[in-house]
Each structure stands twice: as structure tokens, then as C-alpha cells.
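Containing mmCIF, C-alpha atoms (C1' of nucleotides): input02.cif.
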data_input
#
loop_
_atom_site.label_atom_id
_atom_site.label_comp_id
_atom_site.auth_asym_id
_atom_site.auth_seq_id
_atom_site.Cartn_x
_atom_site.Cartn_y
_atom_site.Cartn_z
CA MET A 619 0.00 0.00 0.00
CA HIS A 620 2.78 2.44 0.86
CA GLN A 621 4.55 1.41 -2.30
CA GLN A 622 2.07 3.35 -4.40
CA LEU A 623 2.83 6.51 -2.46
CA ILE A 624 6.55 5.98 -2.82
CA SER A 625 6.19 5.52 -6.57
CA TYR A 626 4.13 8.68 -6.66
CA ILE A 627 6.81 10.62 -4.80
CA ASN A 628 9.56 9.25 -7.01
CA SER A 629 7.66 10.10 -10.15
CA HIS A 630 7.60 13.72 -9.01
CA ASN A 631 11.32 13.91 -8.47
CA THR A 632 14.60 13.57 -10.26
CA LEU A 633 16.20 11.40 -7.57
CA PRO A 634 14.34 8.44 -6.09
CA LEU A 635 13.99 8.16 -2.31
CA THR A 636 16.76 6.33 -0.46
CA SER A 637 15.68 3.31 1.52
CA GLU A 638 16.05 5.25 4.76
CA GLU A 639 13.77 7.92 3.41
CA GLU A 640 11.30 5.29 2.31
CA GLU A 641 11.21 3.99 5.84
CA LEU A 642 10.49 7.45 7.19
CA VAL A 643 7.64 7.83 4.76
CA LYS A 644 6.22 4.44 5.65
CA THR A 645 6.10 5.19 9.35
CA ALA A 646 4.75 8.72 8.96
CA PHE A 647 1.75 7.83 6.78
CA GLN A 648 -1.01 5.83 8.46
CA PRO A 649 -3.28 3.62 6.40
CA LYS A 650 -6.98 4.31 6.72
CA LYS A 651 -10.02 2.83 5.04
CA ILE A 652 -13.44 4.35 4.88
CA ARG A 653 -16.64 3.08 3.38
CA ARG A 654 -18.80 4.81 0.80
CA LYS A 655 -20.64 7.81 2.32
CA GLN A 656 -18.45 7.99 5.40
CA TYR A 657 -16.95 11.35 6.20
CA PHE A 658 -13.25 12.02 6.04
CA LEU A 659 -13.91 15.63 7.08
CA GLN A 660 -17.10 17.19 8.33
CA GLU A 661 -18.13 20.82 8.12
CA GLY A 662 -17.28 22.63 11.33
CA ASP A 663 -14.39 20.34 12.21
CA VAL A 664 -10.78 21.34 11.87
CA CYS A 665 -9.07 19.32 9.15
CA LYS A 666 -6.29 17.32 10.78
CA TYR A 667 -5.02 15.14 7.96
CA SER A 668 -3.90 15.17 4.40
CA ALA A 669 -4.91 12.00 2.63
CA PHE A 670 -3.17 10.35 -0.28
CA ILE A 671 -5.73 8.20 -2.02
CA VAL A 672 -4.52 4.70 -2.83
CA LYS A 673 -7.81 3.33 -4.06
CA GLY A 674 -11.32 4.71 -4.29
CA ALA A 675 -12.90 8.13 -4.77
CA MET A 676 -13.95 11.02 -2.58
CA ARG A 677 -15.61 14.36 -3.06
CA GLN A 678 -15.31 17.70 -1.32
CA TYR A 679 -18.36 19.94 -1.12
CA SER A 680 -19.98 22.79 0.73
CA VAL A 681 -23.64 22.95 1.66
CA ASP A 682 -25.48 26.23 1.20
CA GLU A 683 -28.23 27.72 3.36
CA LYS A 684 -30.88 25.89 1.32
CA GLY A 685 -29.19 22.56 1.90
CA VAL A 686 -27.87 22.26 -1.64
CA GLU A 687 -24.48 20.59 -2.02
CA HIS A 688 -21.79 22.22 -4.16
CA VAL A 689 -18.98 19.89 -5.16
CA VAL A 690 -15.66 21.74 -5.33
CA HIS A 691 -13.38 18.75 -5.84
CA ILE A 692 -13.41 15.16 -6.90
CA PHE A 693 -10.55 12.95 -5.81
CA VAL A 694 -9.48 9.56 -7.16
CA GLU A 695 -6.38 7.37 -6.95
CA ASN A 696 -3.14 9.35 -6.52
CA TYR A 697 -4.95 12.53 -5.54
CA TRP A 698 -4.44 14.37 -2.27
CA ALA A 699 -7.51 15.28 -0.27
CA SER A 700 -7.66 17.84 2.52
CA ASP A 701 -8.92 21.28 3.34
CA ARG A 702 -5.72 23.22 3.32
CA GLU A 703 -7.19 26.39 4.70
CA SER A 704 -8.65 24.63 7.72
CA MET A 705 -5.52 22.58 8.28
CA ILE A 706 -3.11 25.49 8.08
CA MET A 707 -5.19 28.13 9.83
CA LEU A 708 -6.67 25.66 12.33
CA THR A 709 -10.12 27.02 11.57
CA PRO A 710 -13.35 25.01 11.28
CA SER A 711 -13.84 23.81 7.74
CA VAL A 712 -16.73 24.98 5.60
CA PHE A 713 -16.40 21.79 3.58
CA ASN A 714 -17.30 18.16 3.86
CA ILE A 715 -15.14 15.46 2.36
CA ASP A 716 -16.69 12.04 2.09
CA ALA A 717 -16.11 8.77 0.30
CA TRP A 718 -17.99 8.31 -2.95
CA GLU A 719 -16.61 4.78 -3.22
CA ASP A 720 -15.02 2.65 -0.54
CA THR A 721 -11.64 4.26 -0.19
CA GLU A 722 -8.18 3.32 1.02
CA MET A 723 -5.82 6.12 1.86
CA LEU A 724 -2.64 7.07 3.65
CA ILE A 725 -3.04 9.95 6.05
CA ILE A 726 -0.62 12.29 7.73
CA THR A 727 -0.93 15.31 10.03
CA ARG A 728 0.51 18.65 9.07
CA ALA A 729 3.05 18.49 11.89
CA GLU A 730 4.27 15.09 10.74
CA MET A 731 4.39 16.28 7.17
CA LEU A 732 6.49 19.30 8.07
CA SER A 733 8.81 17.09 10.05
CA LEU A 734 9.12 14.69 7.12
CA MET A 735 9.83 17.56 4.77
CA SER A 736 12.67 18.75 6.96
CA LYS A 737 14.23 15.30 6.67
CA ILE A 738 13.49 14.54 3.03
CA PRO A 739 14.34 17.29 0.54
CA ALA A 740 12.64 15.36 -2.24
CA LEU A 741 9.33 15.92 -0.48
CA VAL A 742 9.79 19.65 -0.51
CA GLU A 743 10.46 19.46 -4.20
CA MET A 744 7.39 17.32 -4.73
CA ILE A 745 5.16 19.75 -2.84
CA ARG A 746 6.50 22.61 -4.89
CA LEU A 747 5.72 20.77 -8.09
CA MET A 748 2.25 19.90 -6.87
CA ASP A 749 1.57 23.47 -5.85
CA GLU A 750 2.69 24.62 -9.24
CA ARG A 751 0.39 22.23 -11.07
CA ASN A 752 -2.37 23.04 -8.72
CA ALA A 753 -2.04 26.74 -9.36
CA ILE A 754 -2.15 26.12 -13.09
CA ALA A 755 -5.20 23.88 -12.87
CA ASN A 756 -7.00 26.39 -10.66
CA GLN A 757 -6.22 29.19 -13.05
CA ARG A 758 -7.71 27.22 -15.92
CA ARG A 759 -10.79 26.27 -14.02
CA LEU A 760 -11.35 29.80 -12.83
CA ASN A 761 -10.97 31.20 -16.30
CA SER A 762 -13.37 28.72 -17.80
CA THR A 763 -15.87 29.38 -15.02
CA ILE A 764 -15.99 33.11 -15.59
CA SER A 765 -15.65 33.11 -19.35
CA SER A 766 -17.48 30.06 -20.73
CA THR A 767 -21.09 28.92 -20.90
CA ALA A 768 -22.20 25.84 -19.02
CA GLU A 769 -22.26 23.90 -22.26
CA ARG A 770 -18.70 24.71 -23.16
CA ARG A 771 -17.49 23.98 -19.63
CA TYR A 772 -19.08 20.56 -19.77
CA GLU A 773 -17.56 19.80 -23.15
CA GLU A 774 -14.12 20.83 -21.95
CA PHE A 775 -14.48 18.81 -18.80
CA ALA A 776 -15.71 15.74 -20.62
CA SER A 777 -12.88 15.84 -23.12
CA ASN A 778 -10.23 16.47 -20.45
CA HIS A 779 -11.56 13.97 -17.95
CA PRO A 780 -13.38 11.18 -19.73
CA GLN A 781 -12.63 8.79 -16.85
CA PHE A 782 -14.60 11.01 -14.50
CA ILE A 783 -17.61 11.02 -16.78
CA GLN A 784 -17.71 7.24 -16.64
CA ARG A 785 -16.98 6.93 -12.97
CA PHE A 786 -19.33 9.49 -11.42
CA PRO A 787 -23.05 10.10 -11.85
CA GLN A 788 -24.18 13.09 -13.82
CA HIS A 789 -25.65 14.96 -10.92
CA LEU A 790 -22.27 15.02 -9.24
CA ILE A 791 -20.53 16.26 -12.38
CA ALA A 792 -23.22 18.91 -12.73
CA SER A 793 -22.59 20.13 -9.21
CA PHE A 794 -18.86 20.18 -9.85
CA LEU A 795 -19.47 22.36 -12.90
CA GLY A 796 -21.70 24.67 -10.88
CA ILE A 797 -24.96 23.81 -12.65
CA THR A 798 -28.01 21.74 -11.75
CA LYS A 799 -28.50 18.17 -12.84
CA GLU A 800 -31.50 19.17 -14.94
CA THR A 801 -29.48 21.73 -16.85
CA LEU A 802 -26.72 19.22 -17.51
CA SER A 803 -29.24 16.68 -18.68
CA ARG A 804 -30.61 19.21 -21.18
CA ILE A 805 -27.17 20.27 -22.33
CA ARG A 806 -26.27 16.70 -23.13
CA LYS A 807 -29.52 16.17 -25.00
CA GLN A 808 -28.76 19.26 -27.06
CA SER A 809 -25.23 18.32 -27.98
CA VAL A 810 -26.19 14.85 -29.18
CA LYS A 811 -28.06 16.54 -32.04
CA MET B 660 12.86 50.46 -5.20
CA HIS B 661 14.41 47.09 -4.43
CA GLN B 662 14.01 47.84 -0.76
CA GLN B 663 10.29 47.23 -0.99
CA LEU B 664 10.88 43.78 -2.43
CA ILE B 665 13.37 42.97 0.28
CA SER B 666 10.94 44.04 2.98
CA TYR B 667 8.33 41.88 1.31
CA ILE B 668 10.61 38.87 1.33
CA ASN B 669 11.61 39.45 4.95
CA SER B 670 8.01 39.78 6.02
CA HIS B 671 7.37 36.31 4.62
CA ASN B 672 10.20 34.70 6.55
CA THR B 673 11.44 34.08 10.02
CA LEU B 674 15.02 35.14 9.29
CA PRO B 675 15.77 38.34 7.37
CA LEU B 676 18.01 38.20 4.32
CA THR B 677 21.74 38.63 4.90
CA SER B 678 23.33 41.55 3.11
CA GLU B 679 24.96 39.16 0.62
CA GLU B 680 21.56 37.72 -0.15
CA GLU B 681 20.12 41.20 -0.52
CA GLU B 682 22.77 41.94 -3.09
CA LEU B 683 21.90 38.83 -5.05
CA VAL B 684 18.26 39.85 -5.06
CA LYS B 685 19.07 43.36 -6.18
CA THR B 686 21.07 42.19 -9.18
CA ALA B 687 18.61 39.48 -10.21
CA PHE B 688 15.51 41.68 -10.31
CA GLN B 689 15.41 44.29 -13.08
CA PRO B 690 13.36 47.46 -12.64
CA LYS B 691 10.78 48.11 -15.31
CA LYS B 692 8.17 50.81 -15.75
CA ILE B 693 5.16 50.65 -17.99
CA ARG B 694 2.47 53.19 -18.72
CA ARG B 695 -1.26 52.75 -18.35
CA LYS B 696 -2.64 50.44 -21.09
CA GLN B 697 0.74 49.05 -22.06
CA TYR B 698 1.07 45.30 -22.17
CA PHE B 699 3.24 43.35 -19.81
CA LEU B 700 2.14 40.12 -21.51
CA GLN B 701 0.19 39.68 -24.71
CA GLU B 702 -1.97 36.74 -25.70
CA GLY B 703 0.00 34.34 -27.87
CA ASP B 704 3.35 35.26 -26.38
CA VAL B 705 5.26 33.08 -23.97
CA CYS B 706 5.44 34.69 -20.54
CA LYS B 707 9.10 35.27 -19.73
CA TYR B 708 8.97 37.24 -16.51
CA SER B 709 7.48 37.28 -13.08
CA ALA B 710 6.80 40.81 -11.94
CA PHE B 711 6.76 42.10 -8.39
CA ILE B 712 4.69 45.25 -8.40
CA VAL B 713 6.27 48.14 -6.55
CA LYS B 714 3.72 50.77 -7.51
CA GLY B 715 0.69 50.80 -9.73
CA ALA B 716 -1.94 48.30 -10.83
CA MET B 717 -2.32 45.70 -13.55
CA ARG B 718 -4.97 43.28 -14.69
CA GLN B 719 -4.87 39.85 -16.29
CA TYR B 720 -7.65 38.87 -18.66
CA SER B 721 -8.63 36.60 -21.49
CA VAL B 722 -10.60 37.65 -24.56
CA ASP B 723 -13.34 35.36 -25.81
CA GLU B 724 -14.40 34.69 -29.40
CA LYS B 725 -16.85 37.60 -29.25
CA GLY B 726 -14.10 39.97 -28.19
CA VAL B 727 -15.32 40.26 -24.61
CA GLU B 728 -12.64 40.63 -21.96
CA HIS B 729 -12.75 38.44 -18.85
CA VAL B 730 -10.61 39.70 -15.99
CA VAL B 731 -9.12 36.81 -14.00
CA HIS B 732 -6.79 38.80 -11.78
CA ILE B 733 -6.19 42.28 -10.50
CA PHE B 734 -2.74 43.14 -9.21
CA VAL B 735 -1.63 46.06 -7.05
CA GLU B 736 1.42 46.91 -4.95
CA ASN B 737 3.18 43.86 -3.48
CA TYR B 738 1.42 41.45 -5.81
CA TRP B 739 3.17 39.12 -8.23
CA ALA B 740 2.00 39.12 -11.81
CA SER B 741 2.74 36.44 -14.39
CA ASP B 742 1.14 33.62 -16.30
CA ARG B 743 2.62 30.67 -14.51
CA GLU B 744 1.34 28.11 -16.94
CA SER B 745 2.89 29.84 -19.92
CA MET B 746 6.12 30.52 -18.10
CA ILE B 747 6.59 26.98 -16.82
CA MET B 748 5.32 25.09 -19.82
CA LEU B 749 6.79 27.54 -22.32
CA THR B 750 3.46 27.65 -24.12
CA PRO B 751 1.79 30.72 -25.67
CA SER B 752 -0.36 32.45 -23.11
CA VAL B 753 -4.11 32.73 -23.48
CA PHE B 754 -4.00 35.82 -21.28
CA ASN B 755 -3.12 39.46 -21.56
CA ILE B 756 -1.62 41.37 -18.69
CA ASP B 757 -1.60 45.12 -18.99
CA ALA B 758 -1.17 48.16 -16.81
CA TRP B 759 -4.34 49.72 -15.45
CA GLU B 760 -2.28 52.50 -13.90
CA ASP B 761 1.29 53.54 -14.65
CA THR B 762 3.24 50.77 -12.99
CA GLU B 763 6.71 50.21 -11.59
CA MET B 764 7.84 46.67 -11.12
CA LEU B 765 10.78 44.39 -10.61
CA ILE B 766 11.00 41.57 -13.09
CA ILE B 767 12.87 38.30 -13.16
CA THR B 768 13.04 35.33 -15.52
CA ARG B 769 12.19 31.86 -14.33
CA ALA B 770 15.78 30.69 -14.85
CA GLU B 771 17.11 33.53 -12.73
CA MET B 772 14.51 32.89 -10.10
CA LEU B 773 15.40 29.22 -9.87
CA SER B 774 19.04 30.14 -9.60
CA LEU B 775 18.27 32.65 -6.85
CA MET B 776 16.22 30.07 -5.00
CA SER B 777 19.12 27.66 -5.03
CA LYS B 778 21.25 30.30 -3.36
CA ILE B 779 18.71 31.77 -0.95
CA PRO B 780 16.73 29.28 1.12
CA ALA B 781 14.49 32.05 2.40
CA LEU B 782 13.14 32.49 -1.11
CA VAL B 783 12.08 28.89 -1.30
CA GLU B 784 10.26 29.33 1.97
CA MET B 785 8.62 32.49 0.71
CA ILE B 786 7.42 30.80 -2.46
CA ARG B 787 6.00 27.95 -0.44
CA LEU B 788 4.09 30.36 1.75
CA MET B 789 2.81 32.25 -1.26
CA ASP B 790 1.70 29.06 -2.95
CA GLU B 791 -0.10 28.07 0.19
CA ARG B 792 -1.96 31.35 0.45
CA ASN B 793 -2.65 31.28 -3.21
CA ALA B 794 -4.17 27.83 -3.01
CA ILE B 795 -6.39 28.95 -0.16
CA ALA B 796 -7.53 32.09 -1.95
CA ASN B 797 -8.26 30.11 -5.11
CA GLN B 798 -10.26 27.59 -3.18
CA ARG B 799 -12.39 30.33 -1.67
CA ARG B 800 -12.94 32.07 -4.94
CA LEU B 801 -13.85 28.85 -6.67
CA ASN B 802 -16.31 27.89 -3.98
CA SER B 803 -17.99 31.25 -4.02
CA THR B 804 -18.17 31.17 -7.81
CA ILE B 805 -19.99 27.86 -7.96
CA SER B 806 -22.12 28.25 -4.88
CA SER B 807 -23.14 31.90 -4.57
CA THR B 808 -25.30 34.28 -6.56
CA ALA B 809 -23.75 37.28 -8.28
CA GLU B 810 -25.14 39.52 -5.58
CA ARG B 811 -23.55 37.60 -2.74
CA ARG B 812 -20.24 37.36 -4.58
CA TYR B 813 -20.17 41.11 -5.01
CA GLU B 814 -20.98 41.71 -1.36
CA GLU B 815 -18.24 39.34 -0.23
CA PHE B 816 -15.75 40.90 -2.59
CA ALA B 817 -16.65 44.43 -1.55
CA SER B 818 -16.32 43.63 2.12
CA ASN B 819 -13.05 41.73 1.69
CA HIS B 820 -11.47 44.19 -0.74
CA PRO B 821 -12.84 47.67 -0.14
CA GLN B 822 -9.64 49.21 -1.53
CA PHE B 823 -10.31 47.57 -4.89
CA ILE B 824 -13.81 48.96 -5.05
CA GLN B 825 -12.42 52.46 -4.70
CA ARG B 826 -9.50 51.98 -6.99
CA PHE B 827 -11.05 50.27 -10.00
CA PRO B 828 -14.08 51.10 -12.12
CA GLN B 829 -17.18 49.01 -11.72
CA HIS B 830 -17.03 47.44 -15.14
CA LEU B 831 -13.67 45.93 -14.27
CA ILE B 832 -14.92 44.59 -10.95
CA ALA B 833 -17.94 43.17 -12.76
CA SER B 834 -15.73 41.34 -15.21
CA PHE B 835 -13.60 40.02 -12.37
CA LEU B 836 -16.73 38.64 -10.74
CA GLY B 837 -17.83 37.04 -13.98
CA ILE B 838 -20.86 39.26 -14.59
CA THR B 839 -21.64 42.16 -16.91
CA LYS B 840 -21.36 45.78 -15.90
CA GLU B 841 -25.11 46.23 -16.32
CA THR B 842 -25.86 43.39 -13.94
CA LEU B 843 -23.48 44.79 -11.36
CA SER B 844 -25.04 48.21 -11.70
CA ARG B 845 -28.46 46.71 -11.00
CA ILE B 846 -27.21 44.64 -8.10
CA ARG B 847 -25.80 47.72 -6.43
CA LYS B 848 -29.00 49.63 -6.96
CA GLN B 849 -30.93 46.79 -5.35
CA SER B 850 -28.73 46.48 -2.31
CA VAL B 851 -28.89 50.19 -1.50
CA LYS B 852 -32.59 49.70 -0.77
"C1'" DC C 1216 -10.88 74.01 -25.56
"C1'" DA C 1217 -12.99 70.80 -28.58
"C1'" DA C 1218 -13.33 65.99 -29.67
"C1'" DA C 1219 -13.01 61.56 -28.21
"C1'" DA C 1220 -12.99 58.06 -24.94
"C1'" DC C 1221 -14.60 56.39 -20.75
"C1'" DC C 1222 -18.06 55.30 -17.23
"C1'" DG C 1223 -22.22 54.15 -14.92
"C1'" DT C 1224 -27.03 53.83 -15.56
"C1'" DT C 1225 -31.47 52.61 -17.52
"C1'" DG C 1226 -35.10 50.38 -20.48
"C1'" DA C 1227 -36.77 46.73 -23.37
"C1'" DC C 1228 -36.14 42.34 -24.45
"C1'" DA C 1229 -33.82 37.66 -25.08
"C1'" DA C 1230 -31.21 33.82 -23.48
"C1'" DT C 1231 -29.65 30.94 -19.94
"C1'" DT C 1232 -30.27 28.55 -15.94
"C1'" DA C 1233 -32.87 27.26 -11.72
"C1'" DT C 1234 -36.88 25.42 -9.43
"C1'" DC C 1235 -40.44 22.21 -8.56
"C1'" DA C 1236 -42.94 18.19 -9.40
"C1'" DA C 1237 -43.40 13.92 -11.45
"C1'" DC C 1238 -42.04 9.56 -14.03
"C1'" DG C 1239 -39.94 5.09 -14.73
"C1'" DG C 1240 -35.99 2.41 -14.47
"C1'" DT C 1241 -32.15 1.12 -11.91
"C1'" DT C 1242 -29.40 -0.29 -7.71
"C1'" DT C 1243 -28.96 -0.82 -2.84
"C1'" DT C 1244 -30.67 -1.96 1.55
"C1'" DT C 1245 -33.22 -4.59 4.75
"C1'" DA D 1286 -38.34 -10.39 -2.30
"C1'" DA D 1287 -40.11 -6.08 -0.95
"C1'" DA D 1288 -39.03 -1.40 0.22
"C1'" DA D 1289 -36.22 2.38 -0.14
"C1'" DA D 1290 -32.89 5.14 -2.20
"C1'" DC D 1291 -30.78 6.63 -6.27
"C1'" DC D 1292 -30.58 8.38 -11.01
"C1'" DG D 1293 -31.57 10.63 -15.25
"C1'" DT D 1294 -35.12 12.76 -17.76
"C1'" DT D 1295 -38.96 15.78 -18.93
"C1'" DG D 1296 -42.48 19.57 -18.65
"C1'" DA D 1297 -44.05 23.92 -16.93
"C1'" DT D 1298 -42.73 27.97 -15.05
"C1'" DA D 1299 -39.86 31.46 -12.58
"C1'" DA D 1300 -35.64 33.83 -11.60
"C1'" DT D 1301 -31.28 35.40 -12.98
"C1'" DT D 1302 -28.31 37.27 -16.07
"C1'" DG D 1303 -27.00 38.85 -20.70
"C1'" DT D 1304 -27.59 41.77 -24.85
"C1'" DC D 1305 -28.26 45.89 -27.26
"C1'" DA D 1306 -29.05 50.61 -27.62
"C1'" DA D 1307 -29.16 54.98 -25.74
"C1'" DC D 1308 -28.27 58.85 -22.29
"C1'" DG D 1309 -25.64 62.28 -19.79
"C1'" DG D 1310 -21.79 63.22 -17.07
"C1'" DT D 1311 -17.00 62.75 -16.48
"C1'" DT D 1312 -12.06 62.41 -17.79
"C1'" DT D 1313 -8.51 62.14 -21.11
"C1'" DT D 1314 -6.43 63.34 -25.41
"C1'" DG D 1315 -4.91 66.03 -29.24
#
Rendering of file as C-alpha cells:
Amino acid sequence: MHQQLISYINSHNTLPLTSEEEELVKTAFQPKKIRRKQYFLQEGDVCKYSAFIVKGAMRQYSVDEKGVEHVVHIFVENYWASDRESMIMLTPSVFNIDAWEDTEMLIITRAEMLSLMSKIPALVEMIRLMDERNAIANQRRLNSTISSTAERRYEEFASNHPQFIQRFPQHLIASFLGITKETLSRIRKQSVK
Amino acid sequence: MHQQLISYINSHNTLPLTSEEEELVKTAFQPKKIRRKQYFLQEGDVCKYSAFIVKGAMRQYSVDEKGVEHVVHIFVENYWASDRESMIMLTPSVFNIDAWEDTEMLIITRAEMLSLMSKIPALVEMIRLMDERNAIANQRRLNSTISSTAERRYEEFASNHPQFIQRFPQHLIASFLGITKETLSRIRKQSVK
DNA sequence: CAAAACCGTTGACAATTATCAACGGTTTTT
DNA sequence: AAAAACCGTTGATAATTGTCAACGGTTTTG
């Protein structure tokens, strides 16, 4: 199980981890399994862990005053799930993260992660790379959100993430795109023509 | 002029820069001034520089097929402007960045920045902190974009960034929020009631 | 200082998207 | 095996937001 994480780390670095470093990683990350629908993080709680997903799928969402869920992230294998703001600022999260499928993950606290980073330079490098990619992805998503129609956003998403279309129900994709399930259903009907 | 950058760096770190490090920073960052409306980056070009803004204001925007501008970022003093995706991937940018006010900045290429970072650990730390804050801000913006009405987004923005409301015209704020200037005008009229 | 550009507002109308209720066909739970 | 939950779709209608054109008041430009 830890091997997948180690491969992930190595694939984000020029130099592979030494076996001592691998050991450090293995002891710092705790395995955790949760079943479909169980919470990894609940609104109002402070987020204590980052999770590297080994197998399964989770979603992160907020719930508005009318009780409607808004999915801000979908996570699958090799994704990292957490609410960074809550974890760093130690503030109650406005998000829920729960398992969409039964999920196996490796979790670590921020303190442990910082300690690991001070011992393993490759981790710092990996985080930097991830932040970079993250910033780029966010930029793209933001731009498409403010400048494209719902239809175009769906088309882009479907062509960039065909696996997600197959793996998750439409209503979840709709929420992720910021539209209702009915609107997405009609958009798809349209574009078949 | 460089002093402002050095203060900025120091304020993002536990240890202040040594005078040798300060010197390195001063030689690596080139001063540059541009006038209102001049481009710092033009769509189709590869972004070569990161800019630390010493004085003035810039905006980053894309232009859609109808010729409508969509503002994705507004930058003022002590902000960093660049198109990270273009700069890192060496791909033509889909964005324009231009000066909204006459602007003084300090610019640096990615290669020089990487070289500086290898010599000045404090810079690496600063970048990490900035990435962290950036990720948090993006998360918030994204969530509000997919889960709030235009009216609520404007209210949040106005209460979090009152300086921006005073400094930039409404049509620019509207574009930044992903709505038209007419809609924003009507929203404001409403909320005065 | 005259012309042009910019800015916010308004009205009339159109397009997009949301809301609510209902349906039939799954899949999951008990 | 029956009941419940889930899922996508559709229709009718409402709410939100965009589009286009026009205006008067500013500010900037030549």
C-alpha cells in the first residue's frame, strides 16, 4: 500500500527516495479505510489530515443555506484530499469530504508532514511541483468558469476527464461544474443533435 | 525600489536576508516601468517574466471569441504578476496582462529565479508560503463562484477588498466577478434599498 | 478648448439557468 | 423479495443574467 505513495513521490522527483527515506515515509503515513458515504472531514471540524488516495474516490463539497451541495473537488487514486485552509489556519472547515466509493488512503498530520519535509528534501520538491500544477489547474478552471457557458465547460471537462464522466453520476458532475442536474441533462440532450 | 521587495521577502520569513543575499536579489531583479494600457504580456506570447509590483496596478484577462474581456486577476502593490502556466510550460499564453495604472515593477526570468532560489533558502520558503496562500484564496474564490449568486459574490468581494472597489471602475470589478457591468449596476441599486 | 474616450445607468427584451414536481428504471438496503 | 434510495429525464414555469441601444456626465487626449 505504501509502495504506491513511494512511486508517486519518485515520479515527481529527479532522484528516487533512499531506503532510509522510504522507511520514514512508511512510518509517517497511516493507512486508513473508509466506506462509501463515510466522512473524512465534516463541516465545522478542523481538518487534521492530508490523505493520499490509494484506491477509491472522494468528493469535497460545501452545503449552502438551502441545503444544496456544491462539489468543489473530486478525488481519485493518486490525488491528495484535505482542506488546506482549515488545516493550516486551524479554523473550522466549511467543507465536507466524504467517500464516494469505498476508499483506502494514507493519512498524515501537518506536523508530521512538516517534520518529514525537513528530513526529506525530495518531499519539498514534490510539494513545490504539486503546488505549481495546482495553481495552473486552478487558473484554468477559474478562467473557464468566468468566461465560458455551461455547455462549453461541460464539453471541456468531458474531453479532459473522460474517466470522470464514466466513474461518477451526472448529478455530481453537474454540481462540480456549478450547474443543476437538470441543466446538464438538457445540455447533453442538445449536444447529441 | 528594491528595498520594498526585500521588505516583502523578509516579512514572509522568520530570518531576514543577509546583506549578501540582498545583493543577489538586487542584481537578479530588473526594474521596469510601464504606462497605463501598455502590455506586460500579450496573448500568444510566452510569458518570460514574473513581476513584483512596486507601484501601480495591472490586470490579467482573457478575450473570448466575441471579443469580450474576462478579468481573471487584479494586481496592485506587493502582488506578483505572471502567467505561470505559460512561463513553466513555455506555451503561448491565453492571457493578456496590462497596466491599469502607470506601474513600476521588478521583473525576473524563471531561470534567474530558480538560480536565486538555489542560493537563498528564504526564497524557497517564501514561495512555499505564497503558494499556500494562493491555493487557499483560489479555493475560496472557486467555492464562491460555484455556490453563490452574483449579488452575494459582489458583497463578499466588496467587504473583503474595499480598496479595490475604490481603486477600479465598476465594469472591471464586474468582469472580475464574472458578470456584466449592467448586472453589477443593477445589483448595487438593489442592495442600497 | 474641442473631440473623443470612458463610465455608470437605464429600459426593453432575449437567453440561460434554476426550481419544482413527477415519471420510470435502476441499484442498494433490509 | 419487498421497500427504499438513487438516477436521469422531462415539462411547466420562474428567476437570474445577458444583450443591445441609448443617455448624460465625467475624464482624457490632441
Please expand the PyMOL selection byres ((chain D) within 9 of (chain A)) into the concrete residues it hits in this file, giving the result as a ChimeraX atom specification. /D:1292-1294
Quick one: residues within 9 Å of region 730-743 of chain A, only C-alpha atoms (C1' of nucleotides), excluding same-chain residues fewer than 2 positions away - as a PyMOL selection string? chain A and resi 627-628+630-635+639+642-643+646-647+668+726-728+745-748
How would you write, as an mmCIF file with C-alpha atoms, in the coordinates of the input, the residues chosen by the PyMOL selection byres ((chain A) within 7 of (chain B)) on this structure?
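Heads up, here's the output in selection-v2.cif:
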data_model
loop_
_atom_site.group_PDB
_atom_site.id
_atom_site.type_symbol
_atom_site.label_atom_id
_atom_site.label_comp_id
_atom_site.auth_asym_id
_atom_site.auth_seq_id
_atom_site.Cartn_x
_atom_site.Cartn_y
_atom_site.Cartn_z
ATOM 1 C CA HIS A 688 -21.790 22.220 -4.160
ATOM 2 C CA VAL A 690 -15.660 21.740 -5.330
ATOM 3 C CA ARG A 702 -5.720 23.220 3.320
ATOM 4 C CA GLU A 703 -7.190 26.390 4.700
ATOM 5 C CA ARG A 746 6.500 22.610 -4.890
ATOM 6 C CA ASP A 749 1.570 23.470 -5.850
ATOM 7 C CA ALA A 753 -2.040 26.740 -9.360
ATOM 8 C CA ILE A 754 -2.150 26.120 -13.090
ATOM 9 C CA ASN A 756 -7.000 26.390 -10.660
ATOM 10 C CA LEU A 760 -11.350 29.800 -12.830
ATOM 11 C CA ASN A 761 -10.970 31.200 -16.300
ATOM 12 C CA ILE A 764 -15.990 33.110 -15.590
ATOM 13 C CA SER A 765 -15.650 33.110 -19.350
ATOM 14 C CA GLY A 796 -21.700 24.670 -10.880
#
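For the set A:Ala792, A:Ala768, A:Ile725, A:Ala776, the residue with the smallest atom-to-atom gap to chain C is A:Ala768, counting only C-alpha atoms (C1' of nucleotides).
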Could you tell me, as a VMD selection string, exactly which residues end up selected when the PyMOL selection byres ((chain D and resi 1286) around 12) is applied to this structure? (chain C and resid 1245) or (chain D and resid 1287 to 1288)
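What separates CA of Ile693 (chain B) from C1' of DG1315 (chain D) is a distance of 21.6 Å.
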May I ask for the distance between CA of Ser678 (chain B) and CA of Met660 (chain B), given in Å to one decimal place?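 Taking CA of Ser678 (chain B) as the start and CA of Met660 (chain B) as the end point, the length is 16.1 Å.
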